[in-house]
Amino acid sequence: MKKATIYDAAIIGAGASGLMAAVTAARAGAKVLLLEHMDQAGKKILATGNGKCNYTNLDQSLEAYYCESPGFVGQVLRRFSHHDTIRFFEELGIRPVQKNGTCIYPESGQAASVRQVLLTEVRRLHIPLYVSAGIRSIHKVQGIRIGENVDPQLFELETKEQPVYSRNCILAAGGQAAKKTGSDGSGFLYAKQLGHSVRKPLPALVPLLADDRTWKLPAGIRISCTAALYVDGALKAQEQGELQITDYGISGIVVFQFSRIAARALAEGRQVHVLLDWKPMETEAGLAAYLAARFSSRYHAGQTVQECLTGFLPDKLIPVVCRRAGIQPEEPCGGCAKKQSKRLAALLKNYEVCITGTKGFDAAQVTSGGVPVQEIDAGSMESKIVPGLYFAGEIIDVDAKCGGYNLQWAWASGYAAGKSIRAADL
């Protein structure tokens with residue numbers, strides 16, 4: 001890094017949003033610098049979509065995004081839509097493949113491809129990229145002379161090697177989820193140094209911890225079901241998909257989709273529970289009638305309840321559900337009356353799991369919380385507090401459901417921030 005160089009923008013963080021911001025600004029002629037504190041750029045991109053990188057979604061309903069001001073998200077997404085994302089990556093060589101409904105993946109099926117084309121474009125545009133940068137602090141200085149140039153106001157970035165000066169600064173340092181990929185919360189510290197507030201960061205897209213000491217669900221089961229999230233007795237969200245039962249609680253996409261709501265409610269000291277519907281395609285009455293007929297069928301004569309229900313539920317789940325419904329799995333199924341069938345049906349349609357917490361940031365895919373959108377201009381992503389300071393990506397208090405939405409937010413916010421950087425008249 002040359003001491004005499006003044007950049008149009010220094011971009012902190014070379015993840016998805018930082019790379020997009022750098023490419024966008026450089027294409028417009030701005031002199032930008034990318035600083036990454038990890039030993040390589042775009043590390044978190046490699047983990048997205050289970051290594052396959054679901055990089056956007058054709059369904060861009062604002063209901064998929066969590067933000068105190070949905071209009072803020074909408075304005076940013078209109079500037080760089082999912083169509084723009086698909087076109088941007090197609091130009092770089094990534095052909096889109098639609099899977100799992102409306103999810104978009106690279107044709108190669110590899111997240112590494114998305115990362116590689118971004119880094120190739122960074123090199124083509126001659127954008128300096130410094131890894132293991134070791135940023136100590138970021139602050140504004142006035143009237144500083146560098147060589148023969150005097151700038152009235154610059155950002156000074158103290159690194160472990162030497163200071164870096166820029167007319168603008170884009171904070172794209174991520175949140176706190178998946179620290180090993182670079183999101184260690186340092187961006188929040190920089191934001192606070194510069195006068196911004198930070199809404200408490202919490203894990204999102206994360207497994208939930210359950211208090212199941214009385215009726216412990218057996219770990220290792222994957223089952224399709226409907227899960228409804230309740231906070232203080234009020235329904236807040238409902239999802240259908242695959243549930244994973246673990247030794248600590250519940251996981252899987254069906255849980256991830258509303259985990260940020262649960263995390264925020266628990267942080268506020270509220271009561272949280274999940275109702276599981278093990279048979280979402282059947283009514284309770286229809287299910288009760290089916291169970292009664294199954295228990296009395298001649299084909300199951302002489303069998304225990306456990307044996308009778310084989311094939312209807314996962315084997316390890318049968319004894320837990322039965323005992324909770326007041327039925328012993330070892331008793332003869334012929335002894336089950338209609339009353340017991342109704343009780344079992346009611347439980348299968350409304351199996352309550354009390355939630356006590358979430359797994360930590362290391363198990364989370366994204367961060368809920370960050371710099372409030374009220375402190376950022378949605379048109380430019382510029383700070384309303386510090387002129388010349390911009391934000392992009394997960395550092396902002398915006399997160400989303402699984403399905404490529406969080407990456408779409410990274411691309412869109414990175415584009416908006418990068419587009420706001422103008423080359424200085426020298």
# chains A, B, ... in the order shown; residues from 1 in each chain; ligands from 1
>>> select_by_dssp(residues="range 228-285 of chain A", states="helix (DSSP H, G or I)", output="list in words")
Ile253, Val254, Val255, Phe256, Gln257, Phe258, Ser259, Arg260, Ile261, Ala262, Ala263, Arg264, Ala265, Leu266, Ala267, Glu284 and Ala285 of chain A
>>> write_last_selection(atoms="all heavy atoms", output="tab-separated table (two decimals), in the first residue's frame")
chain	number	residue	atom	x	y	z
A	253	ILE	N	-34.46	-26.51	7.64
A	253	ILE	CA	-34.94	-25.28	7.01
A	253	ILE	C	-36.26	-24.82	7.60
A	253	ILE	O	-36.50	-23.63	7.78
A	253	ILE	CB	-35.05	-25.47	5.49
A	253	ILE	CG1	-33.66	-25.60	4.87
A	253	ILE	CG2	-35.79	-24.31	4.85
A	253	ILE	CD1	-33.65	-25.80	3.37
A	254	VAL	N	-37.14	-25.77	7.93
A	254	VAL	CA	-38.44	-25.41	8.49
A	254	VAL	C	-38.30	-24.59	9.77
A	254	VAL	O	-39.14	-23.74	10.08
A	254	VAL	CB	-39.28	-26.68	8.73
A	254	VAL	CG1	-38.71	-27.51	9.85
A	254	VAL	CG2	-40.74	-26.35	8.98
A	255	VAL	N	-37.23	-24.83	10.51
A	255	VAL	CA	-36.93	-24.08	11.74
A	255	VAL	C	-36.13	-22.82	11.44
A	255	VAL	O	-36.38	-21.75	12.00
A	255	VAL	CB	-36.18	-24.98	12.75
A	255	VAL	CG1	-35.65	-24.16	13.92
A	255	VAL	CG2	-37.09	-26.09	13.26
A	256	PHE	N	-35.15	-22.95	10.55
A	256	PHE	CA	-34.30	-21.80	10.21
A	256	PHE	C	-35.12	-20.59	9.77
A	256	PHE	O	-34.80	-19.45	10.10
A	256	PHE	CB	-33.34	-22.16	9.07
A	256	PHE	CG	-32.20	-23.06	9.48
A	256	PHE	CD1	-31.27	-23.47	8.55
A	256	PHE	CD2	-32.06	-23.50	10.78
A	256	PHE	CE1	-30.21	-24.29	8.90
A	256	PHE	CE2	-31.02	-24.34	11.16
A	256	PHE	CZ	-30.09	-24.73	10.22
A	257	GLN	N	-36.20	-20.85	9.02
A	257	GLN	CA	-36.95	-19.75	8.42
A	257	GLN	C	-37.52	-18.78	9.45
A	257	GLN	O	-37.69	-17.60	9.16
A	257	GLN	CB	-38.07	-20.29	7.53
A	257	GLN	CG	-37.62	-21.18	6.37
A	257	GLN	CD	-36.82	-20.45	5.31
A	257	GLN	OE1	-35.94	-19.65	5.62
A	257	GLN	NE2	-37.11	-20.72	4.04
A	258	PHE	N	-37.85	-19.26	10.64
A	258	PHE	CA	-38.38	-18.34	11.65
A	258	PHE	C	-37.50	-18.24	12.89
A	258	PHE	O	-37.89	-17.67	13.92
A	258	PHE	CB	-39.81	-18.69	12.06
A	258	PHE	CG	-40.05	-20.11	12.54
A	258	PHE	CD1	-39.32	-20.65	13.58
A	258	PHE	CD2	-41.04	-20.89	11.95
A	258	PHE	CE1	-39.56	-21.93	14.03
A	258	PHE	CE2	-41.30	-22.18	12.39
A	258	PHE	CZ	-40.55	-22.70	13.44
A	259	SER	N	-36.27	-18.76	12.81
A	259	SER	CA	-35.40	-18.76	13.98
A	259	SER	C	-35.05	-17.36	14.45
A	259	SER	O	-34.86	-17.14	15.65
A	259	SER	CB	-34.12	-19.56	13.69
A	259	SER	OG	-33.41	-18.99	12.59
A	260	ARG	N	-34.94	-16.39	13.52
A	260	ARG	CA	-34.60	-15.02	13.95
A	260	ARG	C	-35.72	-14.41	14.78
A	260	ARG	O	-35.47	-13.65	15.71
A	260	ARG	CB	-34.23	-14.16	12.76
A	260	ARG	CG	-35.37	-13.67	11.89
A	260	ARG	CD	-35.92	-12.34	12.28
A	260	ARG	NE	-35.00	-11.27	11.99
A	260	ARG	CZ	-35.22	-10.01	12.32
A	260	ARG	NH1	-36.32	-9.69	12.96
A	260	ARG	NH2	-34.37	-9.06	12.02
A	261	ILE	N	-36.98	-14.77	14.47
A	261	ILE	CA	-38.10	-14.28	15.27
A	261	ILE	C	-38.01	-14.86	16.68
A	261	ILE	O	-38.20	-14.17	17.68
A	261	ILE	CB	-39.45	-14.64	14.63
A	261	ILE	CG1	-39.53	-14.08	13.21
A	261	ILE	CG2	-40.61	-14.14	15.47
A	261	ILE	CD1	-40.79	-14.51	12.45
A	262	ALA	N	-37.70	-16.15	16.75
A	262	ALA	CA	-37.55	-16.82	18.05
A	262	ALA	C	-36.39	-16.21	18.84
A	262	ALA	O	-36.51	-15.95	20.04
A	262	ALA	CB	-37.33	-18.31	17.85
A	263	ALA	N	-35.26	-15.98	18.17
A	263	ALA	CA	-34.08	-15.43	18.85
A	263	ALA	C	-34.38	-14.05	19.42
A	263	ALA	O	-34.00	-13.74	20.57
A	263	ALA	CB	-32.91	-15.35	17.86
A	264	ARG	N	-35.04	-13.20	18.65
A	264	ARG	CA	-35.34	-11.85	19.11
A	264	ARG	C	-36.32	-11.89	20.28
A	264	ARG	O	-36.17	-11.16	21.26
A	264	ARG	CB	-35.91	-11.04	17.94
A	264	ARG	CG	-36.04	-9.55	18.18
A	264	ARG	CD	-34.73	-8.86	18.41
A	264	ARG	NE	-33.78	-8.96	17.31
A	264	ARG	CZ	-32.55	-8.47	17.37
A	264	ARG	NH1	-32.11	-7.86	18.46
A	264	ARG	NH2	-31.72	-8.62	16.35
A	265	ALA	N	-37.33	-12.76	20.21
A	265	ALA	CA	-38.32	-12.87	21.29
A	265	ALA	C	-37.67	-13.39	22.57
A	265	ALA	O	-37.95	-12.88	23.67
A	265	ALA	CB	-39.46	-13.80	20.86
A	266	LEU	N	-36.80	-14.38	22.46
A	266	LEU	CA	-36.12	-14.92	23.63
A	266	LEU	C	-35.21	-13.88	24.27
A	266	LEU	O	-35.12	-13.79	25.50
A	266	LEU	CB	-35.30	-16.15	23.24
A	266	LEU	CG	-36.11	-17.40	22.88
A	266	LEU	CD1	-35.24	-18.42	22.14
A	266	LEU	CD2	-36.73	-18.03	24.13
A	267	ALA	N	-34.56	-13.06	23.44
A	267	ALA	CA	-33.69	-12.00	23.96
A	267	ALA	C	-34.50	-10.96	24.73
A	267	ALA	O	-33.97	-10.29	25.62
A	267	ALA	CB	-32.94	-11.33	22.81
A	284	GLU	N	-57.43	-33.42	11.68
A	284	GLU	CA	-57.38	-34.14	12.94
A	284	GLU	C	-58.46	-35.23	13.00
A	284	GLU	O	-58.20	-36.35	13.44
A	284	GLU	CB	-57.54	-33.16	14.10
A	284	GLU	CG	-57.35	-33.80	15.46
A	284	GLU	CD	-57.38	-32.78	16.60
A	284	GLU	OE1	-56.85	-31.67	16.41
A	284	GLU	OE2	-57.95	-33.11	17.67
A	285	ALA	N	-59.66	-34.89	12.53
A	285	ALA	CA	-60.76	-35.86	12.55
A	285	ALA	C	-60.45	-37.03	11.62
A	285	ALA	O	-60.69	-38.21	11.97
A	285	ALA	CB	-62.07	-35.20	12.15
>>> residues_around(residues="Ser132 in chain A", least_positions_apart="4", cutoff="12 Å", atoms="only C-alpha atoms", output="ChimeraX atom specification")
/A:12-14,34-41,136,159-161,182
>>> residues_around(residues="Ala364 in chain A", least_positions_apart="6", cutoff="7 Å", atoms="only C-alpha atoms", output="list in words")
Ala177, Ala178, Pro203, Ala204, Leu205 and Val206 of chain A
>>> write_last_selection(atoms="N, CA and C atoms", output="mmCIF file, in the first residue's frame")
data_model
loop_
_atom_site.group_PDB
_atom_site.id
_atom_site.type_symbol
_atom_site.label_atom_id
_atom_site.label_comp_id
_atom_site.auth_asym_id
_atom_site.auth_seq_id
_atom_site.Cartn_x
_atom_site.Cartn_y
_atom_site.Cartn_z
ATOM 1 N N ALA A 177 -22.138 -14.082 12.259
ATOM 2 C CA ALA A 177 -22.403 -15.494 11.993
ATOM 3 C C ALA A 177 -21.232 -16.143 11.271
ATOM 4 N N ALA A 178 -20.902 -17.362 11.665
ATOM 5 C CA ALA A 178 -19.831 -18.140 11.036
ATOM 6 C C ALA A 178 -18.504 -17.388 11.080
ATOM 7 N N PRO A 203 -28.106 -14.590 16.555
ATOM 8 C CA PRO A 203 -28.000 -15.604 15.498
ATOM 9 C C PRO A 203 -29.321 -15.747 14.739
ATOM 10 N N ALA A 204 -29.241 -15.968 13.432
ATOM 11 C CA ALA A 204 -30.415 -16.225 12.601
ATOM 12 C C ALA A 204 -30.089 -17.350 11.620
ATOM 13 N N LEU A 205 -31.133 -17.953 11.054
ATOM 14 C CA LEU A 205 -30.971 -19.183 10.270
ATOM 15 C C LEU A 205 -30.128 -20.151 11.089
ATOM 16 N N VAL A 206 -30.694 -20.495 12.256
ATOM 17 C CA VAL A 206 -29.936 -21.232 13.270
ATOM 18 C C VAL A 206 -30.847 -22.254 13.944
#
>>> atom_distance(atom1="CA of Ala210 in chain A", atom2="CA of Cys354 in chain A")
5.6 Å
>>> closest_residue(among="A:Phe188, A:Phe88, A:Trp278, A:Phe80", to="Ala417 in chain A", atoms="only C-alpha atoms")
A:Phe80
>>> closest_residue(among="A:Leu33, A:Leu209, A:Leu348, A:Cys336", to="Ser251 in chain A", atoms="only C-alpha atoms")
A:Leu209
>>> closest_atom_pairs(of="range 146-199 of chain A", to="range 412-416 of chain A", cutoff="12 Å", atoms="only C-alpha atoms", output="CSV")
residue,atom,partner,partner_atom,distance
A:Ile170,CA,A:Gly414,CA,9.0
A:Leu171,CA,A:Gly414,CA,9.8
A:Ala172,CA,A:Gly414,CA,7.9
A:Ala173,CA,A:Gly414,CA,11.4
A:Gly174,CA,A:Gly414,CA,11.6
>>> write_last_selection(atoms="C-alpha atoms", output="PDB file, in the first residue's frame")
ATOM      1  CA  ILE A 170     -17.806   1.299   2.525  1.00  0.00           C
ATOM      2  CA  LEU A 171     -18.336  -0.945   5.529  1.00  0.00           C
ATOM      3  CA  ALA A 172     -19.133  -4.422   4.182  1.00  0.00           C
ATOM      4  CA  ALA A 173     -17.547  -6.394   7.015  1.00  0.00           C
ATOM      5  CA  GLY A 174     -20.484  -8.740   7.635  1.00  0.00           C
TER       6      GLY A 174
END
>>> decode(residues="range 49-152 of chain A", atoms="C-alpha atoms", output="mmCIF file, in the first residue's frame")
data_model
loop_
_atom_site.group_PDB
_atom_site.id
_atom_site.type_symbol
_atom_site.label_atom_id
_atom_site.label_comp_id
_atom_site.auth_asym_id
_atom_site.auth_seq_id
_atom_site.Cartn_x
_atom_site.Cartn_y
_atom_site.Cartn_z
ATOM 1 C CA GLY A 49 -26.282 -23.257 -0.338
ATOM 2 C CA ASN A 50 -24.375 -26.182 1.181
ATOM 3 C CA GLY A 51 -21.487 -25.345 -1.104
ATOM 4 C CA LYS A 52 -23.711 -24.991 -4.182
ATOM 5 C CA CYS A 53 -24.492 -21.256 -3.795
ATOM 6 C CA ASN A 54 -28.190 -20.468 -4.134
ATOM 7 C CA TYR A 55 -27.291 -16.931 -5.233
ATOM 8 C CA THR A 56 -30.758 -15.434 -5.747
ATOM 9 C CA ASN A 57 -34.462 -16.275 -5.955
ATOM 10 C CA LEU A 58 -37.079 -15.566 -8.604
ATOM 11 C CA ASP A 59 -39.675 -14.854 -5.905
ATOM 12 C CA GLN A 60 -38.666 -11.557 -4.337
ATOM 13 C CA SER A 61 -41.581 -11.009 -1.967
ATOM 14 C CA LEU A 62 -40.630 -8.597 0.823
ATOM 15 C CA GLU A 63 -42.101 -11.131 3.251
ATOM 16 C CA ALA A 64 -38.860 -13.086 2.797
ATOM 17 C CA TYR A 65 -36.867 -10.215 4.330
ATOM 18 C CA TYR A 66 -36.743 -9.124 7.958
ATOM 19 C CA CYS A 67 -36.330 -5.399 8.538
ATOM 20 C CA GLU A 68 -37.920 -2.756 10.762
ATOM 21 C CA SER A 69 -38.637 -0.788 7.591
ATOM 22 C CA PRO A 70 -39.631 -3.103 4.700
ATOM 23 C CA GLY A 71 -39.781 -0.084 2.391
ATOM 24 C CA PHE A 72 -36.023 0.350 2.859
ATOM 25 C CA VAL A 73 -35.372 -3.168 1.575
ATOM 26 C CA GLY A 74 -37.791 -2.702 -1.309
ATOM 27 C CA GLN A 75 -36.073 0.471 -2.455
ATOM 28 C CA VAL A 76 -32.647 -1.170 -2.467
ATOM 29 C CA LEU A 77 -33.903 -4.278 -4.293
ATOM 30 C CA ARG A 78 -35.548 -2.178 -6.982
ATOM 31 C CA ARG A 79 -32.163 -0.659 -7.837
ATOM 32 C CA PHE A 80 -30.612 -4.089 -8.344
ATOM 33 C CA SER A 81 -33.195 -6.831 -8.739
ATOM 34 C CA HIS A 82 -32.821 -10.583 -9.014
ATOM 35 C CA HIS A 83 -32.979 -10.115 -12.785
ATOM 36 C CA ASP A 84 -29.957 -7.804 -12.519
ATOM 37 C CA THR A 85 -28.157 -10.393 -10.382
ATOM 38 C CA ILE A 86 -28.756 -13.156 -12.929
ATOM 39 C CA ARG A 87 -27.639 -10.899 -15.783
ATOM 40 C CA PHE A 88 -24.542 -9.713 -13.854
ATOM 41 C CA PHE A 89 -23.320 -13.251 -13.226
ATOM 42 C CA GLU A 90 -24.221 -14.452 -16.719
ATOM 43 C CA GLU A 91 -21.892 -11.785 -18.082
ATOM 44 C CA LEU A 92 -19.152 -13.212 -15.859
ATOM 45 C CA GLY A 93 -19.816 -16.765 -17.091
ATOM 46 C CA ILE A 94 -22.290 -18.114 -14.517
ATOM 47 C CA ARG A 95 -25.335 -19.573 -16.266
ATOM 48 C CA PRO A 96 -28.376 -19.863 -13.951
ATOM 49 C CA VAL A 97 -30.127 -23.127 -13.113
ATOM 50 C CA GLN A 98 -33.525 -23.067 -11.398
ATOM 51 C CA LYS A 99 -34.027 -25.646 -8.645
ATOM 52 C CA ASN A 100 -36.221 -26.226 -5.606
ATOM 53 C CA GLY A 101 -38.981 -24.050 -6.970
ATOM 54 C CA THR A 102 -37.667 -20.535 -7.525
ATOM 55 C CA CYS A 103 -34.088 -20.869 -6.247
ATOM 56 C CA ILE A 104 -31.253 -19.984 -8.637
ATOM 57 C CA TYR A 105 -27.921 -21.845 -8.607
ATOM 58 C CA PRO A 106 -24.830 -21.732 -10.849
ATOM 59 C CA GLU A 107 -24.815 -24.293 -13.640
ATOM 60 C CA SER A 108 -21.629 -25.812 -12.205
ATOM 61 C CA GLY A 109 -23.363 -26.531 -8.902
ATOM 62 C CA GLN A 110 -20.373 -25.043 -7.097
ATOM 63 C CA ALA A 111 -20.254 -21.969 -4.867
ATOM 64 C CA ALA A 112 -16.553 -21.749 -5.723
ATOM 65 C CA SER A 113 -17.540 -20.764 -9.273
ATOM 66 C CA VAL A 114 -19.400 -17.677 -8.038
ATOM 67 C CA ARG A 115 -16.482 -16.643 -5.854
ATOM 68 C CA GLN A 116 -13.970 -17.250 -8.637
ATOM 69 C CA VAL A 117 -15.711 -15.122 -11.287
ATOM 70 C CA LEU A 118 -15.978 -12.236 -8.825
ATOM 71 C CA LEU A 119 -12.277 -12.395 -8.012
ATOM 72 C CA THR A 120 -11.438 -12.677 -11.715
ATOM 73 C CA GLU A 121 -13.432 -9.488 -12.347
ATOM 74 C CA VAL A 122 -11.604 -7.774 -9.477
ATOM 75 C CA ARG A 123 -8.304 -8.629 -11.157
ATOM 76 C CA ARG A 124 -9.560 -7.525 -14.589
ATOM 77 C CA LEU A 125 -10.480 -4.146 -13.143
ATOM 78 C CA HIS A 126 -7.081 -3.882 -11.406
ATOM 79 C CA ILE A 127 -8.672 -3.444 -7.977
ATOM 80 C CA PRO A 128 -6.051 -3.755 -5.219
ATOM 81 C CA LEU A 129 -7.097 -6.508 -2.798
ATOM 82 C CA TYR A 130 -5.233 -6.855 0.486
ATOM 83 C CA VAL A 131 -5.974 -9.882 2.669
ATOM 84 C CA SER A 132 -4.986 -10.283 6.329
ATOM 85 C CA ALA A 133 -5.253 -6.480 6.416
ATOM 86 C CA GLY A 134 -5.463 -6.119 10.204
ATOM 87 C CA ILE A 135 -7.484 -2.911 10.485
ATOM 88 C CA ARG A 136 -7.001 -1.234 13.877
ATOM 89 C CA SER A 137 -9.384 1.705 13.573
ATOM 90 C CA ILE A 138 -11.261 3.942 11.129
ATOM 91 C CA HIS A 139 -11.706 7.663 11.672
ATOM 92 C CA LYS A 140 -11.983 10.918 9.789
ATOM 93 C CA VAL A 141 -9.140 13.394 9.521
ATOM 94 C CA GLN A 142 -9.194 16.949 8.179
ATOM 95 C CA GLY A 143 -6.701 19.000 6.188
ATOM 96 C CA ILE A 144 -4.242 16.172 5.814
ATOM 97 C CA ARG A 145 -1.389 16.491 3.309
ATOM 98 C CA ILE A 146 -0.256 13.446 1.379
ATOM 99 C CA GLY A 147 2.524 14.367 -1.042
ATOM 100 C CA GLU A 148 1.409 17.539 -2.800
ATOM 101 C CA ASN A 149 -2.295 16.884 -2.263
ATOM 102 C CA VAL A 150 -4.343 18.353 0.567
ATOM 103 C CA ASP A 151 -7.803 16.914 1.114
ATOM 104 C CA PRO A 152 -10.227 18.768 3.368
#
